[in-house]
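S.K.: Got a structure here, written out as structure tokens. Questions coming.
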Amino acid sequence: MSTIWVALLLFSLTYGIVSGNASETGSAALAGAPAAVKLCLETGGLICLWSGVMEVLRRAGALDALARALGPLLKRLFPRAARDRDTMSSLASNVSANLLGLGNAATPMGIRAASGMARLSPDGTASDELCRLVVINTASIQLIPTTAAALRAGAGSAAPFDILPAVWLSSIFSVCVGLAAAAILSRLWR
């Protein structure tokens, strides 16, 4: 990754010099660095806030209730994983965190669920269920897009949550298309 960043930096500087815009390139770099740090701090603060909300919901039992509500659907999507209590618990927590837009909190639970599914796969390859988990995590249905709202608030948006209808529609559509593609590809590879 360091190589990529150094290459991008060298390319930008070279292009700025060749195009005669060296001073503008330097000014943009000097103005952009503090703005990037400010955005990271503001976004980090908002992510900490929503992670705290997630922890309060977890301790209040709301996440467990959401996981129980999702149980029947998850058991249909992941019948083999449903046999293992720990894997199913991690899976339900992962999907619940993604629904609340807390991708950073969902990642460890998703890794635990994927590890549990990998243990259940007899031949050591990615099972259809594991592929479905990857699709669901990549598409990430979100009821409350907290990270996106935090970025919008950090960038100065007056209404960071006004994107909700678009997020709901695109999330549902991407998950449905992803699951359909996974099902079709699963049948083609057999």
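Letters for chains follow the order of the structure tokens (A, B, ...), residue numbers begin at 1 for each chain, and ligand numbers begin at 1 in the order shown.
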From a DSSP calculation on the backbone, collect every residue of range 21-153 of chain A in alpha helix (DSSP H) and output the set as a ChimeraX atom specification.

M.R.: /A:22-60,62-77,85-99,103-120,128-139,146-153

S.K.: Name all residues at most 8 Å from range 32-49 of chain A (count only C-alpha atoms; drop same-chain ones fewer than 4 positions away) and give them as a list in words.

M.R.: Ala28, Val53, Thr146, Thr147, Ala150, Leu151, Ala153, Gly154 and Ala155 of chain A

S.K.: Mind dumping the selected residues with N, CA and C atoms as a PDB file, in the first residue's frame?

M.R.:
```pdb
ATOM      1  N   ALA A  28      -2.627  23.025  -2.904  1.00  0.00           N
ATOM      2  CA  ALA A  28      -3.686  22.043  -2.642  1.00  0.00           C
ATOM      3  C   ALA A  28      -3.237  21.032  -1.596  1.00  0.00           C
ATOM      4  N   VAL A  53     -23.428   3.939  21.161  1.00  0.00           N
ATOM      5  CA  VAL A  53     -24.860   3.644  21.059  1.00  0.00           C
ATOM      6  C   VAL A  53     -25.057   2.144  20.836  1.00  0.00           C
ATOM      7  N   THR A 146     -24.884   5.034   9.736  1.00  0.00           N
ATOM      8  CA  THR A 146     -24.180   5.910  10.671  1.00  0.00           C
ATOM      9  C   THR A 146     -22.831   6.385  10.139  1.00  0.00           C
ATOM     10  N   THR A 147     -22.069   5.514   9.505  1.00  0.00           N
ATOM     11  CA  THR A 147     -20.751   5.923   9.015  1.00  0.00           C
ATOM     12  C   THR A 147     -20.897   6.946   7.893  1.00  0.00           C
ATOM     13  N   ALA A 150     -21.919  10.141   9.402  1.00  0.00           N
ATOM     14  CA  ALA A 150     -20.794  10.766  10.096  1.00  0.00           C
ATOM     15  C   ALA A 150     -19.872  11.465   9.103  1.00  0.00           C
ATOM     16  N   LEU A 151     -19.611  10.845   7.973  1.00  0.00           N
ATOM     17  CA  LEU A 151     -18.791  11.488   6.942  1.00  0.00           C
ATOM     18  C   LEU A 151     -19.471  12.741   6.403  1.00  0.00           C
ATOM     19  N   ALA A 153     -21.693  14.597   7.982  1.00  0.00           N
ATOM     20  CA  ALA A 153     -21.666  15.630   9.032  1.00  0.00           C
ATOM     21  C   ALA A 153     -20.283  16.246   9.134  1.00  0.00           C
ATOM     22  N   GLY A 154     -19.240  15.413   9.036  1.00  0.00           N
ATOM     23  CA  GLY A 154     -17.873  15.918   9.086  1.00  0.00           C
ATOM     24  C   GLY A 154     -17.542  16.836   7.924  1.00  0.00           C
ATOM     25  N   ALA A 155     -18.192  16.608   6.795  1.00  0.00           N
ATOM     26  CA  ALA A 155     -17.967  17.448   5.617  1.00  0.00           C
ATOM     27  C   ALA A 155     -18.857  18.695   5.623  1.00  0.00           C
TER      28      ALA A 155
END
```

S.K.: What's around Asn137 in chain A at 9 Å? Count only C-alpha atoms, leave out sequence neighbours fewer than 2 positions away in its own chain, and write the answer as a count of residues only.

M.R.: 15

S.K.: So how far away is CA of Trp168 in chain A from CA of Arg152 in chain A, in Å?

M.R.: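 If I compute the distance from CA of Arg152 in chain A to CA of Trp168 in chain A, I get 16.7 Å.
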
S.K.: Hey, which of A:Ile163, A:Leu63, A:Ser121, A:Pro79 ends up closest to Ser93 in chain A? Count only C-alpha atoms.

M.R.: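 Result for the nearest residue to Ser93 in chain A: A:Leu63.
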
S.K.: When you count only C-alpha atoms, which of these residues is closest to Ala81 in chain A: A:Ala65, A:Leu100, A:Ala105, A:Glu129?

M.R.: A:Glu129

S.K.: Using only C-alpha atoms, which of the listed residues (A:Met117, A:Cys131, A:Met1, A:Leu169) sits closest to Arg83 in chain A?

M.R.: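 Result for the nearest residue to Arg83 in chain A: A:Met117.
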
S.K.: What does the distance between CA of Ala92 in chain A and CA of Ala113 in chain A come to in Å, to one decimal place?

M.R.: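 Calculated distance between CA of Ala92 in chain A and CA of Ala113 in chain A is 8.8 Å.
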